[in-house]
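Next comes query-v2.txt, with compact mmCIF, C-alpha atoms and all ligand atoms.
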```
# COMPACT_ATOMS: atom_id res chain seq x y z
CA MET A 24 -13.74 -18.63 11.11
CA GLN A 25 -17.35 -19.79 10.52
CA TYR A 26 -20.23 -17.47 9.57
CA LEU A 27 -23.43 -19.48 9.28
CA ASN A 28 -25.57 -16.74 7.72
CA TRP A 29 -23.25 -15.89 4.84
CA LYS A 30 -24.39 -17.14 1.44
CA ILE A 31 -24.03 -16.06 -2.16
CA ASN A 32 -27.40 -15.45 -3.83
CA SER A 33 -28.94 -13.37 -6.63
CA SER A 34 -28.54 -10.15 -4.63
CA THR A 35 -24.80 -10.62 -3.99
CA ARG A 36 -22.75 -7.63 -5.16
CA LEU A 37 -19.34 -8.10 -6.74
CA ILE A 38 -16.17 -6.34 -5.53
CA CYS A 39 -12.85 -7.39 -7.05
CA VAL A 40 -9.19 -6.67 -7.63
CA ILE A 41 -7.64 -6.29 -11.07
CA GLY A 42 -3.94 -6.57 -11.87
CA SER A 43 -1.43 -8.77 -13.66
CA PRO A 44 -0.09 -10.94 -12.11
CA ILE A 45 -2.82 -11.24 -9.47
CA GLU A 46 -2.76 -14.91 -8.43
CA HIS A 47 -0.99 -14.30 -5.10
CA SER A 48 -3.03 -11.32 -3.92
CA LEU A 49 -4.11 -11.60 -0.27
CA SER A 50 -6.99 -9.14 -0.81
CA PRO A 51 -9.66 -11.75 -1.75
CA ILE A 52 -9.17 -13.80 1.41
CA MET A 53 -8.84 -10.67 3.60
CA GLN A 54 -11.93 -8.89 2.18
CA ASN A 55 -14.17 -11.98 1.97
CA GLU A 56 -13.53 -12.77 5.65
CA ALA A 57 -14.33 -9.14 6.47
CA PHE A 58 -17.61 -9.20 4.47
CA LYS A 59 -18.61 -12.50 6.03
CA SER A 60 -17.90 -11.35 9.57
CA LYS A 61 -20.16 -8.31 9.05
CA GLY A 62 -22.86 -10.37 7.29
CA LEU A 63 -22.53 -8.26 4.11
CA ASN A 64 -23.84 -9.67 0.86
CA TYR A 65 -20.67 -9.00 -1.13
CA VAL A 66 -18.16 -11.32 -2.73
CA TYR A 67 -14.57 -10.35 -3.63
CA LEU A 68 -12.80 -11.96 -6.60
CA ALA A 69 -9.44 -11.46 -8.36
CA PHE A 70 -9.16 -10.93 -12.12
CA ASN A 71 -5.94 -11.10 -14.11
CA ILE A 72 -6.43 -8.19 -16.53
CA LYS A 73 -3.63 -7.40 -18.97
CA PRO A 74 -3.06 -3.77 -20.07
CA ASN A 75 -4.81 -4.36 -23.42
CA GLY A 76 -7.91 -5.62 -21.59
CA LEU A 77 -8.26 -2.77 -19.11
CA LYS A 78 -10.75 -0.64 -21.08
CA ALA A 79 -13.05 -3.61 -21.78
CA ALA A 80 -12.86 -4.72 -18.15
CA ILE A 81 -13.94 -1.31 -16.85
CA GLU A 82 -16.79 -1.09 -19.40
CA GLY A 83 -17.87 -4.55 -18.29
CA PHE A 84 -17.77 -3.57 -14.60
CA LYS A 85 -20.05 -0.60 -15.37
CA VAL A 86 -22.57 -2.78 -17.20
CA MET A 87 -22.46 -5.35 -14.39
CA ASN A 88 -22.84 -2.60 -11.79
CA VAL A 89 -19.97 -3.90 -9.62
CA LYS A 90 -19.86 -2.23 -6.21
CA GLY A 91 -16.18 -1.35 -6.54
CA PHE A 92 -12.72 -2.75 -7.09
CA ASN A 93 -9.06 -2.57 -6.14
CA VAL A 94 -6.42 -1.82 -8.74
CA THR A 95 -2.86 -3.06 -8.60
CA ILE A 96 0.27 -3.28 -10.79
CA PRO A 97 0.32 -2.45 -13.70
CA HIS A 98 -2.94 -0.42 -13.79
CA LYS A 99 -2.66 2.07 -10.91
CA VAL A 100 -1.95 5.01 -13.23
CA SER A 101 -3.53 3.91 -16.53
CA ILE A 102 -6.92 3.29 -14.82
CA ILE A 103 -7.34 7.04 -14.30
CA THR A 104 -8.39 7.56 -17.96
CA TYR A 105 -11.44 5.34 -17.43
CA LEU A 106 -12.73 6.90 -14.20
CA ASP A 107 -15.39 9.61 -13.79
CA SER A 108 -13.58 11.47 -10.99
CA LEU A 109 -10.74 11.25 -8.47
CA ASP A 110 -10.64 12.13 -4.79
CA GLU A 111 -7.77 14.12 -3.23
CA THR A 112 -5.67 11.06 -2.35
CA ALA A 113 -5.69 9.90 -5.98
CA LEU A 114 -4.94 13.40 -7.26
CA ASP A 115 -2.10 13.85 -4.75
CA THR A 116 -0.39 10.61 -5.76
CA GLY A 117 -1.38 10.40 -9.44
CA ALA A 118 -2.37 6.78 -8.79
CA VAL A 119 -5.52 4.85 -7.87
CA ASN A 120 -5.77 1.61 -5.90
CA THR A 121 -9.49 1.69 -5.07
CA VAL A 122 -12.56 2.46 -7.18
CA VAL A 123 -16.05 3.03 -5.78
CA ASN A 124 -19.21 2.78 -7.87
CA ASP A 125 -21.24 5.81 -6.76
CA ASN A 126 -24.61 5.43 -8.51
CA GLY A 127 -22.98 4.47 -11.79
CA ARG A 128 -20.04 6.89 -11.51
CA PHE A 129 -16.62 5.31 -10.95
CA ILE A 130 -14.59 7.32 -8.42
CA GLY A 131 -10.87 6.69 -7.84
CA TYR A 132 -9.13 6.78 -4.44
CA ASN A 133 -5.69 5.88 -3.15
CA THR A 134 -6.05 4.06 0.19
CA ASP A 135 -2.29 3.29 0.28
CA VAL A 136 -1.96 6.85 1.62
CA LYS A 137 -4.02 6.08 4.73
CA GLY A 138 -2.67 2.53 4.78
CA PHE A 139 0.87 3.84 5.08
CA ILE A 140 0.33 6.58 7.64
CA GLU A 141 -1.93 4.82 10.19
CA PRO A 142 0.75 2.38 11.51
CA LEU A 143 3.17 5.32 11.84
CA LYS A 144 0.61 7.42 13.74
CA ARG A 145 0.10 4.50 16.13
CA ARG A 146 3.79 4.85 17.10
CA ILE A 147 4.44 8.60 17.03
CA SER A 148 2.52 11.86 17.29
CA ASN A 149 5.14 14.31 15.97
CA ILE A 150 5.49 13.21 12.34
CA GLN A 151 5.73 16.84 11.20
CA THR A 152 9.11 17.28 12.93
CA MET A 153 10.63 14.05 11.63
CA LYS A 154 13.38 13.66 9.03
CA VAL A 155 12.37 10.84 6.73
CA ILE A 156 14.25 8.78 4.14
CA ILE A 157 12.18 6.93 1.55
CA LEU A 158 13.93 4.16 -0.39
CA GLY A 159 12.45 3.80 -3.88
CA SER A 160 10.44 6.06 -6.16
CA GLY A 161 7.71 3.78 -7.51
CA GLY A 162 3.95 3.77 -6.94
CA ALA A 163 4.12 2.92 -3.24
CA ALA A 164 6.78 5.58 -2.59
CA ARG A 165 4.36 8.16 -4.05
CA ALA A 166 1.72 7.17 -1.51
CA CYS A 167 4.27 7.30 1.34
CA VAL A 168 5.53 10.78 0.40
CA SER A 169 2.01 12.12 -0.10
CA ALA A 170 0.86 10.72 3.26
CA LEU A 171 3.84 12.24 5.12
CA ILE A 172 3.26 15.66 3.57
CA ARG A 173 -0.45 15.49 4.49
CA GLU A 174 0.68 15.06 8.11
CA GLY A 175 2.86 18.17 7.86
CA CYS A 176 6.22 16.44 7.36
CA LYS A 177 8.51 18.61 5.21
CA ASN A 178 11.93 16.97 5.55
CA ILE A 179 11.85 14.04 3.13
CA THR A 180 14.76 12.54 1.15
CA ILE A 181 14.12 10.02 -1.60
CA LEU A 182 16.91 7.55 -2.35
CA ALA A 183 16.35 5.89 -5.70
CA ARG A 184 18.07 3.61 -8.16
CA THR A 185 16.75 5.58 -11.14
CA ILE A 186 17.17 9.28 -10.45
CA SER A 187 14.91 10.38 -13.33
CA LYS A 188 11.95 8.53 -11.74
CA ALA A 189 12.67 10.17 -8.40
CA GLU A 190 12.74 13.55 -10.16
CA ASP A 191 9.34 12.84 -11.73
CA LEU A 192 7.96 12.01 -8.28
CA VAL A 193 9.45 15.11 -6.66
CA THR A 194 8.19 17.39 -9.46
CA TYR A 195 4.68 15.91 -9.23
CA ILE A 196 4.59 16.31 -5.44
CA TYR A 197 6.00 19.85 -5.66
CA LYS A 198 3.26 20.91 -8.10
CA ARG A 199 0.57 19.55 -5.76
CA THR A 200 2.00 20.74 -2.43
CA ASN A 201 4.76 23.31 -2.97
CA ILE A 202 7.03 21.05 -0.91
CA LYS A 203 10.35 20.01 -2.41
CA CYS A 204 11.79 16.63 -1.39
CA SER A 205 15.52 15.93 -1.72
CA ILE A 206 16.85 13.17 -3.98
CA ASP A 207 19.95 10.99 -3.92
CA LEU A 208 21.17 7.71 -5.34
CA LEU A 209 20.23 4.50 -3.54
CA ILE A 210 23.79 3.26 -2.95
CA ASP A 211 25.55 2.43 0.34
CA GLU A 212 27.81 5.49 0.21
CA LYS A 213 24.85 7.89 -0.07
CA ILE A 214 22.75 5.95 2.44
CA SER A 215 25.47 6.21 5.08
CA LYS A 216 25.67 9.97 4.48
CA VAL A 217 21.95 10.83 4.71
CA ILE A 218 20.97 8.24 7.30
CA LYS A 219 22.96 10.03 10.03
CA ASN A 220 20.26 12.68 10.46
CA ALA A 221 17.24 10.46 9.77
CA ASP A 222 14.46 9.71 12.25
CA ILE A 223 12.40 7.42 10.00
CA ILE A 224 13.58 5.03 7.24
CA VAL A 225 10.94 3.64 4.87
CA ASN A 226 11.71 0.80 2.47
CA ALA A 227 9.40 1.26 -0.52
CA THR A 228 11.44 -1.00 -2.84
CA PRO A 229 10.91 -4.76 -3.22
CA ILE A 230 14.41 -5.43 -1.75
CA GLY A 231 14.04 -8.21 0.85
CA MET A 232 10.75 -9.48 -0.60
CA TYR A 233 10.26 -13.24 -1.05
CA PRO A 234 12.22 -15.08 -2.43
CA ASN A 235 15.14 -12.67 -1.75
CA ILE A 236 14.61 -12.83 1.99
CA ASN A 237 18.29 -12.49 2.90
CA GLU A 238 18.60 -9.09 1.25
CA SER A 239 18.21 -5.71 2.94
CA PRO A 240 18.46 -2.20 1.48
CA ILE A 241 20.33 -0.87 4.56
CA PRO A 242 23.55 -2.29 6.02
CA LEU A 243 22.99 -3.37 9.65
CA ASN A 244 25.72 -1.08 11.04
CA LEU A 245 23.84 2.01 9.80
CA ILE A 246 20.65 1.28 11.76
CA LYS A 247 20.53 3.09 15.11
CA PRO A 248 18.29 2.39 18.15
CA ASN A 249 16.62 5.81 17.99
CA MET A 250 15.32 5.22 14.43
CA ILE A 251 11.91 4.11 13.24
CA VAL A 252 12.35 1.48 10.53
CA TYR A 253 9.27 0.90 8.36
CA ASP A 254 9.46 -1.83 5.72
CA ILE A 255 6.35 -1.82 3.52
CA VAL A 256 7.35 -5.24 2.10
CA TYR A 257 4.93 -7.68 3.79
CA ASN A 258 6.20 -11.04 2.53
CA PRO A 259 8.00 -12.36 4.57
CA LEU A 260 6.18 -11.10 7.69
CA LYS A 261 9.59 -10.07 9.11
CA THR A 262 12.04 -8.95 6.45
CA LYS A 263 15.79 -8.91 7.02
CA LEU A 264 15.57 -5.13 7.42
CA ILE A 265 12.98 -5.50 10.20
CA LYS A 266 15.00 -8.26 11.90
CA ASP A 267 18.17 -6.14 11.74
CA ALA A 268 16.32 -3.12 13.14
CA GLU A 269 14.88 -5.24 15.98
CA ALA A 270 18.40 -6.48 16.76
CA VAL A 271 19.53 -2.91 17.52
CA ASN A 272 16.28 -2.06 19.37
CA ALA A 273 14.97 0.38 16.78
CA ILE A 274 11.20 0.88 16.51
CA THR A 275 9.96 -1.34 13.68
CA ILE A 276 6.86 -1.34 11.48
CA PRO A 277 6.29 -4.43 9.33
CA GLY A 278 4.54 -4.08 5.96
CA TYR A 279 1.51 -6.25 6.77
CA GLU A 280 0.18 -3.40 8.92
CA MET A 281 -0.03 -1.16 5.83
CA LEU A 282 -1.62 -4.00 3.85
CA VAL A 283 -4.37 -4.35 6.45
CA GLU A 284 -4.91 -0.59 6.83
CA GLN A 285 -5.22 0.05 3.08
CA GLY A 286 -7.64 -2.88 2.80
CA ALA A 287 -9.64 -1.59 5.76
CA ALA A 288 -9.83 1.88 4.19
CA SER A 289 -11.11 0.36 0.91
CA PHE A 290 -13.67 -1.72 2.83
CA ARG A 291 -14.95 1.45 4.53
CA LEU A 292 -15.30 3.24 1.18
CA TRP A 293 -17.28 0.39 -0.41
CA THR A 294 -19.52 -0.49 2.53
CA GLY A 295 -19.78 2.69 4.58
CA ILE A 296 -19.24 0.68 7.75
CA GLU A 297 -16.34 0.23 10.17
CA PRO A 298 -13.99 -2.51 8.90
CA PRO A 299 -13.24 -5.51 11.15
CA LYS A 300 -9.50 -4.75 11.23
CA ASP A 301 -8.74 -7.41 13.84
CA ILE A 302 -10.16 -10.12 11.59
CA MET A 303 -8.42 -8.72 8.50
CA GLU A 304 -5.10 -8.68 10.33
CA ARG A 305 -5.54 -12.21 11.66
CA VAL A 306 -6.28 -13.49 8.15
CA VAL A 307 -3.24 -11.77 6.63
CA ILE A 308 -0.87 -13.03 9.35
CA ARG A 309 -2.31 -16.53 9.09
CA GLU A 310 -1.84 -16.57 5.31
CA LEU A 311 1.70 -15.19 5.45
CA LYS A 312 2.68 -17.59 8.23
CA GLY A 313 1.46 -20.47 6.09
CA GLY A 314 4.81 -20.27 4.35
CA GLU A 315 6.57 -17.54 2.50
CA ILE A 316 4.13 -17.19 -0.34
CA GLU A 317 5.56 -16.50 -3.76
CA ARG A 318 4.09 -13.20 -4.94
P1 LIG B 401 7.09 -0.17 -8.20
O1 LIG B 401 6.14 0.87 -8.61
O2 LIG B 401 7.55 -1.21 -9.17
O3 LIG B 401 8.40 0.58 -7.59
C1 LIG B 401 9.49 -0.13 -7.08
C2 LIG B 401 10.59 0.85 -6.70
O4 LIG B 401 11.66 0.09 -6.12
C3 LIG B 401 11.19 1.61 -7.89
O5 LIG B 401 11.63 2.85 -7.43
C4 LIG B 401 12.36 0.71 -8.28
O6 LIG B 401 13.41 1.40 -8.92
C5 LIG B 401 12.85 0.29 -6.91
N1 LIG B 401 13.59 -0.96 -6.97
C6 LIG B 401 13.16 -2.16 -7.40
N2 LIG B 401 14.12 -3.09 -7.26
C7 LIG B 401 15.21 -2.44 -6.75
C8 LIG B 401 16.53 -2.85 -6.41
N3 LIG B 401 16.91 -4.10 -6.52
N4 LIG B 401 17.37 -1.91 -5.93
C9 LIG B 401 16.99 -0.62 -5.80
N5 LIG B 401 15.75 -0.18 -6.11
C10 LIG B 401 14.87 -1.08 -6.58
O7 LIG B 401 6.52 -1.02 -6.97
P2 LIG B 401 5.61 -0.46 -5.78
O8 LIG B 401 4.19 -0.67 -6.13
O9 LIG B 401 6.08 0.87 -5.43
O10 LIG B 401 5.95 -1.53 -4.62
C11 LIG B 401 7.20 -1.54 -3.96
C12 LIG B 401 7.16 -2.58 -2.82
O11 LIG B 401 6.19 -2.18 -1.88
C13 LIG B 401 6.75 -3.99 -3.28
O12 LIG B 401 7.51 -4.92 -2.55
C14 LIG B 401 5.30 -4.09 -2.88
O13 LIG B 401 4.89 -5.41 -2.58
C15 LIG B 401 5.30 -3.23 -1.60
N6 LIG B 401 3.97 -2.66 -1.32
C16 LIG B 401 3.43 -2.94 -0.11
C17 LIG B 401 2.20 -2.41 0.21
C18 LIG B 401 1.58 -2.73 1.54
O14 LIG B 401 0.36 -2.56 1.68
N7 LIG B 401 2.35 -3.17 2.51
C19 LIG B 401 1.52 -1.56 -0.69
C20 LIG B 401 2.13 -1.27 -1.92
C21 LIG B 401 3.36 -1.84 -2.22
P3 LIG B 401 13.45 1.64 -10.50
O15 LIG B 401 12.54 2.82 -10.74
O16 LIG B 401 14.86 1.92 -10.78
O17 LIG B 401 12.93 0.37 -11.13
```
Could you quickly redo this structure as structure tokens?
Amino acid sequence: MQYLNWKINSSTRLICVIGSPIEHSLSPIMQNEAFKSKGLNYVYLAFNIKPNGLKAAIEGFKVMNVKGFNVTIPHKVSIITYLDSLDETALDTGAVNTVVNDNGRFIGYNTDVKGFIEPLKRRISNIQTMKVIILGSGGAARACVSALIREGCKNITILARTISKAEDLVTYIYKRTNIKCSIDLLIDEKISKVIKNADIIVNATPIGMYPNINESPIPLNLIKPNMIVYDIVYNPLKTKLIKDAEAVNAITIPGYEMLVEQGAASFRLWTGIEPPKDIMERVVIRELKGGEIER
């Protein structure tokens, strides 16, 4: 993609992503192509910031008047201390993945919430009646649960390896929404029990992520054609779980769709204009097809 009018000059505003590790993030290439295509004078860079450097980094960003930034592992929760305010999505999840500089005030958002729900809404209109199983209870699972509850979904079961973390998630969500999710252990025996009544299965664990591409959190024989199978893992483009679900004709949602949607939502917050989602998606698919990237 060529954009002849795009150049970096003394008016260029910085937007970035901070995390550790950060070297394999697809956000710089996705956001820079989006800025270029819209002729916006922004540049997006990635910074490897360790936990002990977070405070200094945020102070530096304020002095430099950066336009905004993304936040990824391990800072999604610890960043909150350094922000001036949080919007509802950040409060609902207790985590921030996007910060906007609003006239010198740093405001935290969680665009994973919108990023998760948009691909689901493209497939179905009756989310509120669906029975959903979420695998995992980490940061991404929080965004998934919060997004589902925002859409009116009340029947959510979390299957987790560490029950205490799932309990923390459920307690947090209950305090915010008055909705109580169920919890069980993420083992085959429990999966086969709860999956019988499920309409939607969401993998919010890294199981199946590169390089473990032959792993899946759900045995093939438990996936039924009437299910929606959503794997938020985006590398590889088609995980084993997605391939297995396709093989039984289930509806599938691959994780790159969430990646693009959360990036598009961040773009909209920083720029105030409609994101070029088609370009962002093309860039992400191109990069992921270039080989299974270690990340
Ligand atoms: P996280 O905060 O580290 O949480 C990971 C969760 O998965 C935890 O509940 C963890 O359990 C569980 N888990 C990890 N390995 C497991 C295993 N082998 N068996 C069972 N459970 C396991 O990570 P996250 O930020 O939630 O991210 C989870 C995945 O989602 C990653 O692959 C990430 O790349 C992907 N993601 C995708 C998008 C997107 O836009 N598509 C956005 C965010 C995240 P314990 O608590 O027991 O450790």
I'd like a table as JSON lines: residues in chain A with an atom no more than 8 Å from ligand LIG 401 (chain B), each row giving the shortest atom pair and its distance in Å to one decimal, all atoms listed in the file counted, sorted by chain and rising residue number.
```
{"residue": "A:Thr95", "atom": "CA", "partner": "B:LIG401", "partner_atom": "O8", "distance": 7.8}
{"residue": "A:Ile96", "atom": "CA", "partner": "B:LIG401", "partner_atom": "O8", "distance": 6.6}
{"residue": "A:Asp135", "atom": "CA", "partner": "B:LIG401", "partner_atom": "C19", "distance": 6.2}
{"residue": "A:Gly138", "atom": "CA", "partner": "B:LIG401", "partner_atom": "O14", "distance": 6.7}
{"residue": "A:Phe139", "atom": "CA", "partner": "B:LIG401", "partner_atom": "O14", "distance": 7.3}
{"residue": "A:Leu158", "atom": "CA", "partner": "B:LIG401", "partner_atom": "O4", "distance": 7.4}
{"residue": "A:Gly159", "atom": "CA", "partner": "B:LIG401", "partner_atom": "O5", "distance": 3.8}
{"residue": "A:Ser160", "atom": "CA", "partner": "B:LIG401", "partner_atom": "O5", "distance": 3.7}
{"residue": "A:Gly161", "atom": "CA", "partner": "B:LIG401", "partner_atom": "O3", "distance": 3.3}
{"residue": "A:Gly162", "atom": "CA", "partner": "B:LIG401", "partner_atom": "O9", "distance": 3.9}
{"residue": "A:Ala163", "atom": "CA", "partner": "B:LIG401", "partner_atom": "O9", "distance": 3.6}
{"residue": "A:Ala164", "atom": "CA", "partner": "B:LIG401", "partner_atom": "O9", "distance": 5.5}
{"residue": "A:Arg165", "atom": "CA", "partner": "B:LIG401", "partner_atom": "O9", "distance": 7.6}
{"residue": "A:Ala183", "atom": "CA", "partner": "B:LIG401", "partner_atom": "O5", "distance": 5.9}
{"residue": "A:Arg184", "atom": "CA", "partner": "B:LIG401", "partner_atom": "O16", "distance": 4.5}
{"residue": "A:Thr185", "atom": "CA", "partner": "B:LIG401", "partner_atom": "O16", "distance": 4.1}
{"residue": "A:Ile186", "atom": "CA", "partner": "B:LIG401", "partner_atom": "O16", "distance": 7.7}
{"residue": "A:Lys188", "atom": "CA", "partner": "B:LIG401", "partner_atom": "O15", "distance": 5.8}
{"residue": "A:Ala189", "atom": "CA", "partner": "B:LIG401", "partner_atom": "O5", "distance": 7.5}
{"residue": "A:Leu209", "atom": "CA", "partner": "B:LIG401", "partner_atom": "C9", "distance": 6.5}
{"residue": "A:Asn226", "atom": "CA", "partner": "B:LIG401", "partner_atom": "O11", "distance": 7.6}
{"residue": "A:Ala227", "atom": "CA", "partner": "B:LIG401", "partner_atom": "O11", "distance": 4.9}
{"residue": "A:Thr228", "atom": "CA", "partner": "B:LIG401", "partner_atom": "O4", "distance": 3.5}
{"residue": "A:Pro229", "atom": "CA", "partner": "B:LIG401", "partner_atom": "O12", "distance": 3.5}
{"residue": "A:Ile230", "atom": "CA", "partner": "B:LIG401", "partner_atom": "N3", "distance": 5.5}
{"residue": "A:Met232", "atom": "CA", "partner": "B:LIG401", "partner_atom": "O12", "distance": 5.9}
{"residue": "A:Pro240", "atom": "CA", "partner": "B:LIG401", "partner_atom": "N4", "distance": 7.5}
{"residue": "A:Asp254", "atom": "CA", "partner": "B:LIG401", "partner_atom": "N7", "distance": 7.9}
{"residue": "A:Ile255", "atom": "CA", "partner": "B:LIG401", "partner_atom": "N7", "distance": 4.3}
{"residue": "A:Val256", "atom": "CA", "partner": "B:LIG401", "partner_atom": "O12", "distance": 4.7}
{"residue": "A:Tyr257", "atom": "CA", "partner": "B:LIG401", "partner_atom": "N7", "distance": 5.4}
{"residue": "A:Asn258", "atom": "CA", "partner": "B:LIG401", "partner_atom": "O13", "distance": 7.7}
{"residue": "A:Pro277", "atom": "CA", "partner": "B:LIG401", "partner_atom": "N7", "distance": 8.0}
{"residue": "A:Gly278", "atom": "CA", "partner": "B:LIG401", "partner_atom": "N7", "distance": 4.2}
{"residue": "A:Tyr279", "atom": "CA", "partner": "B:LIG401", "partner_atom": "N7", "distance": 5.3}
{"residue": "A:Glu280", "atom": "CA", "partner": "B:LIG401", "partner_atom": "N7", "distance": 6.8}
{"residue": "A:Met281", "atom": "CA", "partner": "B:LIG401", "partner_atom": "O14", "distance": 4.4}
{"residue": "A:Leu282", "atom": "CA", "partner": "B:LIG401", "partner_atom": "O14", "distance": 3.3}
{"residue": "A:Val283", "atom": "CA", "partner": "B:LIG401", "partner_atom": "O14", "distance": 7.0}
{"residue": "A:Glu284", "atom": "CA", "partner": "B:LIG401", "partner_atom": "O14", "distance": 7.6}
{"residue": "A:Gln285", "atom": "CA", "partner": "B:LIG401", "partner_atom": "O14", "distance": 6.3}
```
**OP:** In Å, rounded to a single decimal, give me how far atom CA of Asp207 of chain A is from atom CA of Glu190 of chain A.
**Re:** 9.9 Å
Original post:
What's the 7 Å shell around Lys177 of chain A, counting all atoms listed in the file, without same-chain residues fewer than 3 positions away, as a ChimeraX atom specification?
Top reply: /A:151,172,202
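Each of A:Phe92, A:Tyr132, A:Tyr105, A:Phe70 was compared to Ala166 of chain A using only C-alpha atoms, and A:Tyr132 turns out to be the nearest.
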At most 10 Å is the cut-off: for each residue in segment 80-183 of chain A with any atom that close to an atom of segment 55-69 of chain A, write down the nearest atom pair and the distance in Å rounded to one decimal, counting all atoms listed in the file, chain first then increasing number, as CSV.
```
residue,atom,partner,partner_atom,distance
A:Val89,CA,A:Tyr65,CA,9.9
A:Lys90,CA,A:Tyr65,CA,8.5
A:Gly91,CA,A:Tyr67,CA,9.6
A:Phe92,CA,A:Tyr67,CA,8.6
A:Asn93,CA,A:Ala69,CA,9.2
```
**OP:** Would you list the contacts of segment 297-303 of chain A as a VMD selection string, taking every protein, DNA or RNA residue within 7 Å and counting all atoms listed in the file, but skipping same-chain residues closer than 3 positions in sequence?
**Re:** chain A and resid 53 57 283 287 290 to 291 306 to 307
Based on the selection just made, write C-alpha atoms of those residues as a compact mmCIF listing (two decimals), keeping the file's coordinate frame.
```txt
# COMPACT_ATOMS: atom_id res chain seq x y z
CA MET A 53 -8.84 -10.67 3.60
CA ALA A 57 -14.33 -9.14 6.47
CA VAL A 283 -4.37 -4.35 6.45
CA ALA A 287 -9.64 -1.59 5.76
CA PHE A 290 -13.67 -1.72 2.83
CA ARG A 291 -14.95 1.45 4.53
CA VAL A 306 -6.28 -13.49 8.15
CA VAL A 307 -3.24 -11.77 6.63
```
Subject >> Which residue of A:Ser33, A:Thr112, A:Thr180, A:Asn71 approaches Ser48 of chain A most closely, using only C-alpha atoms >> reply: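 Comparing A:Ser33, A:Thr112, A:Thr180, A:Asn71 against Ser48 of chain A, the winner is A:Asn71.
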Original post:
When you draw a straight line from atom CA of Asn272 of chain A to atom CA of Gly286 of chain A, how long is it in Å?
Top reply: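 Between atom CA of Asn272 of chain A and atom CA of Gly286 of chain A the gap is 29.1 Å.
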Subject >> Among the residues A:Ile140, A:Met153, A:Cys176, A:Ala170, the one that comes closest to Glu111 of chain A [using only C-alpha atoms] >> reply: A:Ala170
**OP:** Between A:Thr116, A:Ser101, A:Asn133, A:Asn220, single out the one closest to Ser169 of chain A, counting only C-alpha atoms.
**Re:**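 Going through A:Thr116, A:Ser101, A:Asn133, A:Asn220 one by one, the smallest distance to Ser169 of chain A is for A:Thr116.
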**OP:** Quote the spacing between atom CA of Ala288 of chain A and atom CA of Arg146 of chain A in Å to one decimal place.
**Re:**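 Between atom CA of Ala288 of chain A and atom CA of Arg146 of chain A the gap is 19.0 Å.
At a cut-off of 12 Å from (-20.4, -3.7, -12.1), the residue set is Thr35, Arg36, Leu37, Ile38, Cys39, Ala80, Ile81, Glu82, Gly83, Phe84, Lys85, Val86, Met87, Asn88, Val89, Lys90, Gly91, Phe92, Val122, Val123, Asn124, Asp125, Asn126, Gly127, Arg128 and Phe129 of chain A (counting only C-alpha atoms).
Comparing A:Ile147, A:Ile45, A:Leu182, A:Ile206 by their smallest distance to Ile276 of chain A, the closest is A:Ile147 (using all atoms listed in the file).
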Original post:
Could you tell me, as a PyMOL selection string, which residues have any atom at most 8 Å from (11.9, 2.7, 10.2), counting all atoms listed in the file?
Top reply: chain A and resi 222-226+250-254+268+273-276
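Closest approach to Ile72 of chain A among A:Val94, A:Ser50, A:Pro242, A:Ile41: A:Ile41, based on only C-alpha atoms.
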